[in-house]
Amino acid sequence: MNKHLHKFETMLWLFIKALLYILLLVIFMKVLGKENIGLVRLSRTMGITIMTFFIVGILFISVYGKYDIGRRKSKPIINSLSLAVICTDIITYLQVMIMRTNVPDIHEFEFQSIGLLFVAIFFQIMAIIFFTYAGNALFFKLHEPEKCCVITSSQKSLDEIVFVMQKYKKQYRITDVLDYQSRDIESHIKKADTVFIYDVPVDVRTDIMRWSYKYKVNVYFNPEIEDIMELNATHYVLDDVYLLNKNVKALTMEQRIIKRGLDIGLSLFLGILSSPFWIGGMIAVKLYDGGPVIFKQERVTINGRRFQVYKLRTMKQNVENYSVKENDDRITKPGKFLRRTRIDELPQLLNVLKGDMTFVGPRPEMVKNVEKYTKDLPEFEYRLRVKAGLTGYAQIAGKYNTTPKDKLVMDMMYIEQFSVWRDIQLILQTVGVLLKSDSTEEFGKKKQSKYVFRKVSKDENGQKTVK
């Protein structure tokens, strides 16, 4: 794509994005303005409402995700923007209701025009759906899939990365599959638009990335612990020497106090708010087979400490305890619903209140899983540097069957990037997990691809051969 065409397309997407955001505001103002005249004529109410909508909207878009056409599939974009606009509408609506109390004939705060609020949300979501599907259709009309070169180390690793890439066929087209030990990697990179480096030793990966930079080829690679440290390091100039500085330390006293206060407040508030779901879930479990409604299991938290985690029982009584598999016949009928909606996790609010868990952090693993994962992946113990959480980055970005290494990377990213604001973001994003159809995908779903990995090894003379 030439320079002028690229500039035109950039302006086009900026215009479409601005048009969508302005349309969402206009819908809110027009619909609510039917019973709030200050929203449709020049007034202080209009000015403050517009500012509130845009400021709050930007905040929630940064939390849930933006209109990133071409980068994500349509449904995730629709879910993200819908959650953002619903939260924005509610807060803006409350602000409008507060301002109405200043009207001479209204002397107290009251909720009015609630029906119009739902009408506005409906039309806004319709607009989001139209702009998203139309935007992605236009994007892929203008862009062909990127020619991708996949560089990895085994058939298992190849299957894992290709399994994911095949879900994005409009974005990526695999043209080459290479063993990282191949001699002609540079020539393949030169012909590609994008390189995927997966499960490749760090020292070898450096050369691949330098070639990619040389030929202006996009790069995706799965990070190691070293990358996480580098990513979260600060820039430091020692006299005239440029360095990256990474201080490895625990949470400060202030952070621990604020985090614990947030845990107590949220667990009490959400415990009361969600009590009807607890009660309904307990009744469903009891009526199904008459067994106990609460399931206790030993899990591992900070520094390897063990505790009993509480959940609503979703499996039959007296069955063997191991991670859930695909089409697992141990799960009861009400259990399937409870697991899909995450209602079975609600009793863990008691664990948070007791201090066994925190609201945001790495999920507590079963003891045998920790022992198994640590044996295969020694770095897995690093996630035990903080308290186990009810929700976390790995639960929001990943799935139930995400590989232990990928879960570790996500958990380490959270640990190294910890902030109270980050915790609040993840808590808000947890709502979006319920909209992901694949978030509870069970273990046992085999990742296979149509591509065959050809291993390169060295013979007795040190020459590389293909197997």
# chains A, B, ... in the order shown; residues from 1 in each chain; ligands from 1
>>> residues_around(residues="segment 56-72 of chain A", least_positions_apart="2", cutoff="9 Å", atoms="only C-alpha atoms", output="ChimeraX atom specification")
/A:13,17,21,51-54,74-81,83-85,87-89,91-92,132,135-136,139-140,168,170-171,425-426,428-429,432
>>> write_last_selection(atoms="N, CA and C atoms", output="CSV table (one decimal), in the first residue's frame")
chain,number,residue,atom,x,y,z
A,13,TRP,N,-10.8,5.4,8.6
A,13,TRP,CA,-11.1,4.7,9.9
A,13,TRP,C,-11.3,5.7,11.0
A,17,LYS,N,-14.8,5.8,13.1
A,17,LYS,CA,-14.8,5.7,14.5
A,17,LYS,C,-15.5,6.9,15.2
A,21,TYR,N,-19.0,7.0,17.6
A,21,TYR,CA,-19.1,7.5,18.9
A,21,TYR,C,-20.0,8.7,19.0
A,51,MET,N,-20.1,16.4,28.0
A,51,MET,CA,-18.8,16.1,28.6
A,51,MET,C,-18.8,14.9,29.4
A,52,THR,N,-19.8,14.6,30.2
A,52,THR,CA,-19.9,13.4,31.0
A,52,THR,C,-19.9,12.2,30.1
A,53,PHE,N,-20.7,12.2,29.1
A,53,PHE,CA,-20.8,11.0,28.2
A,53,PHE,C,-19.4,10.7,27.6
A,54,PHE,N,-18.7,11.7,27.1
A,54,PHE,CA,-17.5,11.5,26.4
A,54,PHE,C,-16.4,11.0,27.4
A,74,SER,N,-15.9,-9.7,15.1
A,74,SER,CA,-17.0,-8.8,15.3
A,74,SER,C,-17.6,-9.0,16.7
A,75,LYS,N,-17.9,-10.2,17.1
A,75,LYS,CA,-18.6,-10.4,18.4
A,75,LYS,C,-17.9,-9.8,19.6
A,76,PRO,N,-16.6,-10.1,19.7
A,76,PRO,CA,-15.9,-9.5,20.8
A,76,PRO,C,-15.9,-7.9,20.8
A,77,ILE,N,-15.8,-7.4,19.6
A,77,ILE,CA,-15.9,-5.9,19.6
A,77,ILE,C,-17.3,-5.4,20.0
A,78,ILE,N,-18.3,-6.1,19.5
A,78,ILE,CA,-19.7,-5.8,19.9
A,78,ILE,C,-19.9,-5.9,21.4
A,79,ASN,N,-19.4,-7.0,22.0
A,79,ASN,CA,-19.6,-7.2,23.4
A,79,ASN,C,-18.9,-6.1,24.2
A,80,SER,N,-17.6,-5.7,23.8
A,80,SER,CA,-16.9,-4.7,24.5
A,80,SER,C,-17.5,-3.3,24.4
A,81,LEU,N,-17.9,-2.9,23.2
A,81,LEU,CA,-18.5,-1.6,23.1
A,81,LEU,C,-19.9,-1.5,23.7
A,83,LEU,N,-20.9,-3.2,26.4
A,83,LEU,CA,-20.7,-3.1,27.9
A,83,LEU,C,-20.3,-1.6,28.2
A,84,ALA,N,-19.4,-1.1,27.4
A,84,ALA,CA,-18.9,0.3,27.6
A,84,ALA,C,-20.0,1.3,27.5
A,85,VAL,N,-20.9,1.2,26.5
A,85,VAL,CA,-21.9,2.1,26.3
A,85,VAL,C,-23.0,2.0,27.3
A,87,CYS,N,-22.6,1.0,30.5
A,87,CYS,CA,-22.0,1.6,31.7
A,87,CYS,C,-22.0,3.2,31.6
A,88,THR,N,-21.6,3.6,30.4
A,88,THR,CA,-21.6,5.1,30.2
A,88,THR,C,-23.0,5.7,30.3
A,89,ASP,N,-24.0,5.0,29.7
A,89,ASP,CA,-25.4,5.5,29.7
A,89,ASP,C,-25.9,5.6,31.1
A,91,ILE,N,-24.3,5.9,34.0
A,91,ILE,CA,-23.7,7.0,34.8
A,91,ILE,C,-24.1,8.3,34.3
A,92,THR,N,-24.2,8.5,33.0
A,92,THR,CA,-24.7,9.8,32.4
A,92,THR,C,-26.2,10.0,32.8
A,132,THR,N,-19.9,-2.5,13.4
A,132,THR,CA,-18.9,-3.5,13.6
A,132,THR,C,-18.9,-4.4,12.4
A,135,GLY,N,-17.9,-2.5,9.3
A,135,GLY,CA,-16.5,-2.1,9.4
A,135,GLY,C,-15.5,-3.3,9.1
A,136,ASN,N,-15.8,-4.4,9.7
A,136,ASN,CA,-14.9,-5.6,9.4
A,136,ASN,C,-15.1,-6.0,8.0
A,139,PHE,N,-13.0,-3.6,6.0
A,139,PHE,CA,-11.6,-3.8,6.2
A,139,PHE,C,-11.0,-5.0,5.4
A,140,PHE,N,-11.7,-6.1,5.5
A,140,PHE,CA,-11.2,-7.3,4.8
A,140,PHE,C,-11.5,-7.3,3.3
A,168,TYR,N,-8.6,-17.1,12.8
A,168,TYR,CA,-8.5,-15.7,12.3
A,168,TYR,C,-8.0,-15.8,10.8
A,170,LYS,N,-9.2,-14.7,8.2
A,170,LYS,CA,-9.3,-13.4,7.4
A,170,LYS,C,-8.1,-12.5,7.6
A,171,GLN,N,-7.5,-12.7,8.8
A,171,GLN,CA,-6.3,-11.9,9.1
A,171,GLN,C,-5.0,-12.6,8.7
A,425,GLN,N,-9.8,-2.3,36.8
A,425,GLN,CA,-10.0,-2.6,35.4
A,425,GLN,C,-10.4,-4.1,35.3
A,426,LEU,N,-9.6,-5.0,35.9
A,426,LEU,CA,-9.9,-6.4,35.8
A,426,LEU,C,-11.2,-6.8,36.4
A,428,LEU,N,-13.9,-4.9,36.5
A,428,LEU,CA,-14.9,-4.5,35.5
A,428,LEU,C,-14.9,-5.4,34.3
A,429,GLN,N,-13.8,-5.9,33.9
A,429,GLN,CA,-13.7,-6.7,32.7
A,429,GLN,C,-14.2,-8.1,32.9
A,432,GLY,N,-17.4,-9.1,31.3
A,432,GLY,CA,-17.3,-9.5,29.9
A,432,GLY,C,-17.0,-11.0,29.7
>>> residues_around(residues="Val195 of chain A", least_positions_apart="4", cutoff="9 Å", atoms="only C-alpha atoms", output="NGL selection string")
:A and (147-151 or 189 or 208-209 or 212 or 217-221)
>>> write_last_selection(atoms="C-alpha atoms", output="mmCIF file, in the first residue's frame")
data_model
loop_
_atom_site.group_PDB
_atom_site.id
_atom_site.type_symbol
_atom_site.label_atom_id
_atom_site.label_comp_id
_atom_site.auth_asym_id
_atom_site.auth_seq_id
_atom_site.Cartn_x
_atom_site.Cartn_y
_atom_site.Cartn_z
ATOM 1 C CA LYS A 147 1.260 -13.966 4.488
ATOM 2 C CA CYS A 148 2.582 -15.627 7.634
ATOM 3 C CA CYS A 149 5.723 -17.622 8.334
ATOM 4 C CA VAL A 150 5.418 -19.805 11.445
ATOM 5 C CA ILE A 151 8.698 -20.715 13.162
ATOM 6 C CA ILE A 189 11.148 -14.025 6.520
ATOM 7 C CA ILE A 208 14.845 -14.093 13.851
ATOM 8 C CA MET A 209 13.622 -10.811 15.306
ATOM 9 C CA SER A 212 12.227 -9.331 10.817
ATOM 10 C CA VAL A 217 8.123 -7.711 8.827
ATOM 11 C CA ASN A 218 5.590 -7.821 11.675
ATOM 12 C CA VAL A 219 6.476 -10.183 14.542
ATOM 13 C CA TYR A 220 4.425 -12.127 17.087
ATOM 14 C CA PHE A 221 6.192 -14.211 19.746
#
>>> atom_distance(atom1="atom CA of Arg339 of chain A", atom2="atom CA of Leu312 of chain A")
9.2 Å
>>> select_by_dssp(residues="segment 211-422 of chain A", states="strand (DSSP E)", output="short mmCIF file (atom, residue, chain, number, x, y, z; two decimals) with N, CA, C and O atoms, in the first residue's frame")
data_model
loop_
_atom_site.label_atom_id
_atom_site.label_comp_id
_atom_site.auth_asym_id
_atom_site.auth_seq_id
_atom_site.Cartn_x
_atom_site.Cartn_y
_atom_site.Cartn_z
N ASN A 218 6.23 -7.78 10.36
CA ASN A 218 5.59 -7.82 11.68
C ASN A 218 5.97 -9.10 12.41
O ASN A 218 6.16 -10.15 11.79
N VAL A 219 6.06 -9.03 13.74
CA VAL A 219 6.48 -10.18 14.54
C VAL A 219 5.51 -10.42 15.70
O VAL A 219 5.10 -9.48 16.38
N TYR A 220 5.14 -11.69 15.90
CA TYR A 220 4.43 -12.13 17.09
C TYR A 220 5.28 -13.22 17.74
O TYR A 220 5.76 -14.12 17.05
N PHE A 221 5.45 -13.14 19.06
CA PHE A 221 6.19 -14.21 19.75
C PHE A 221 5.65 -14.38 21.16
O PHE A 221 5.13 -13.44 21.75
N THR A 234 12.02 -0.15 34.01
CA THR A 234 12.00 1.29 33.82
C THR A 234 13.28 1.74 33.12
O THR A 234 14.32 1.09 33.25
N HIS A 235 13.20 2.83 32.40
CA HIS A 235 14.36 3.36 31.69
C HIS A 235 15.24 4.12 32.68
O HIS A 235 14.75 4.92 33.49
N TYR A 236 16.52 3.86 32.63
CA TYR A 236 17.43 4.46 33.60
C TYR A 236 18.75 4.81 32.90
O TYR A 236 19.32 3.99 32.19
N VAL A 237 19.20 6.06 33.10
CA VAL A 237 20.47 6.49 32.52
C VAL A 237 21.47 6.67 33.66
O VAL A 237 21.30 7.53 34.53
N LEU A 238 22.48 5.81 33.70
CA LEU A 238 23.52 5.87 34.71
C LEU A 238 24.69 6.65 34.12
O LEU A 238 25.46 6.12 33.31
N VAL A 241 25.26 6.09 30.43
CA VAL A 241 24.99 4.72 29.99
C VAL A 241 23.49 4.44 30.11
O VAL A 241 22.92 4.59 31.20
N TYR A 242 22.87 4.04 29.00
CA TYR A 242 21.43 3.79 28.98
C TYR A 242 21.16 2.36 29.45
O TYR A 242 21.69 1.40 28.89
N LEU A 243 20.31 2.21 30.49
CA LEU A 243 20.03 0.90 31.07
C LEU A 243 18.52 0.71 31.26
O LEU A 243 17.76 1.68 31.25
N LEU A 244 18.13 -0.55 31.41
CA LEU A 244 16.79 -0.89 31.85
C LEU A 244 16.90 -1.43 33.27
O LEU A 244 17.73 -2.30 33.54
N ASN A 245 16.07 -0.91 34.15
CA ASN A 245 16.13 -1.30 35.56
C ASN A 245 14.85 -2.02 35.97
O ASN A 245 13.75 -1.50 35.79
N ILE A 294 -22.52 -27.19 49.16
CA ILE A 294 -21.20 -26.56 49.11
C ILE A 294 -20.13 -27.63 48.91
O ILE A 294 -20.12 -28.66 49.58
N PHE A 295 -19.23 -27.37 47.97
CA PHE A 295 -18.11 -28.26 47.68
C PHE A 295 -16.83 -27.59 48.18
O PHE A 295 -16.57 -26.43 47.89
N LYS A 296 -16.04 -28.34 48.97
CA LYS A 296 -14.78 -27.83 49.49
C LYS A 296 -13.62 -28.59 48.85
O LYS A 296 -13.70 -29.80 48.67
N GLN A 297 -12.59 -27.87 48.51
CA GLN A 297 -11.42 -28.50 47.89
C GLN A 297 -10.16 -27.77 48.32
O GLN A 297 -10.14 -26.55 48.41
N GLU A 298 -9.09 -28.53 48.57
CA GLU A 298 -7.84 -27.92 48.99
C GLU A 298 -7.14 -27.28 47.80
O GLU A 298 -6.94 -27.91 46.76
N ARG A 299 -6.79 -26.02 47.94
CA ARG A 299 -6.09 -25.27 46.90
C ARG A 299 -4.84 -24.62 47.49
O ARG A 299 -4.63 -24.63 48.70
N VAL A 300 -4.05 -24.01 46.60
CA VAL A 300 -2.77 -23.41 47.01
C VAL A 300 -2.81 -21.91 46.75
O VAL A 300 -3.27 -21.45 45.70
N ARG A 306 -1.81 -23.74 51.89
CA ARG A 306 -3.01 -24.46 51.46
C ARG A 306 -4.24 -23.98 52.23
O ARG A 306 -4.14 -23.61 53.40
N PHE A 307 -5.39 -24.01 51.55
CA PHE A 307 -6.64 -23.61 52.19
C PHE A 307 -7.79 -24.33 51.50
O PHE A 307 -7.62 -24.93 50.43
N GLN A 308 -8.97 -24.28 52.10
CA GLN A 308 -10.16 -24.90 51.55
C GLN A 308 -10.96 -23.87 50.76
O GLN A 308 -11.43 -22.88 51.31
N VAL A 309 -11.10 -24.09 49.45
CA VAL A 309 -11.88 -23.18 48.63
C VAL A 309 -13.33 -23.65 48.62
O VAL A 309 -13.61 -24.85 48.65
N TYR A 310 -14.28 -22.68 48.60
CA TYR A 310 -15.71 -22.99 48.62
C TYR A 310 -16.31 -22.77 47.23
O TYR A 310 -16.06 -21.75 46.59
N LYS A 311 -17.14 -23.73 46.79
CA LYS A 311 -17.87 -23.59 45.53
C LYS A 311 -19.22 -24.27 45.67
O LYS A 311 -19.39 -25.16 46.53
N LEU A 312 -20.19 -23.85 44.86
CA LEU A 312 -21.43 -24.62 44.80
C LEU A 312 -21.13 -25.92 44.07
O LEU A 312 -20.43 -25.93 43.05
N THR A 358 -7.72 -13.18 47.48
CA THR A 358 -7.95 -11.78 47.18
C THR A 358 -8.92 -11.70 46.02
O THR A 358 -9.24 -12.73 45.42
N PHE A 359 -9.42 -10.51 45.71
CA PHE A 359 -10.40 -10.42 44.64
C PHE A 359 -9.75 -10.62 43.28
O PHE A 359 -10.28 -11.31 42.42
N VAL A 360 -8.57 -10.04 43.07
CA VAL A 360 -7.86 -10.17 41.80
C VAL A 360 -6.49 -10.76 42.03
O VAL A 360 -5.73 -10.28 42.86
N GLY A 389 -6.51 -15.40 43.57
CA GLY A 389 -7.61 -14.49 43.37
C GLY A 389 -8.89 -15.13 42.87
O GLY A 389 -8.89 -16.22 42.30
N LEU A 390 -9.99 -14.41 43.07
CA LEU A 390 -11.29 -14.85 42.57
C LEU A 390 -11.37 -14.68 41.06
O LEU A 390 -11.95 -15.48 40.34
N THR A 391 -10.77 -13.61 40.58
CA THR A 391 -10.66 -13.37 39.15
C THR A 391 -9.25 -12.89 38.86
O THR A 391 -8.50 -12.56 39.78
#
>>> residues_around(residues="Leu231 of chain A", least_positions_apart="6", cutoff="12 Å", atoms="only C-alpha atoms", output="number ranges by chain")
A: 223-225, 244-246, 412-413, 416-417
>>> residues_around(residues="Leu262 of chain A", least_positions_apart="3", cutoff="12 Å", atoms="only C-alpha atoms", output="list in words")
Gln255, Arg256, Ile257, Ile258, Lys259, Gly265, Leu266, Ser267, Leu268, Phe269, Leu270, Val352, Leu353, Gly355, Thr358, Phe359, Val360, Val420, Trp421, Asp423, Ile424 and Ile427 of chain A
>>> atom_distance(atom1="atom CA of Phe28 of chain A", atom2="atom CA of Met11 of chain A")
26.0 Å
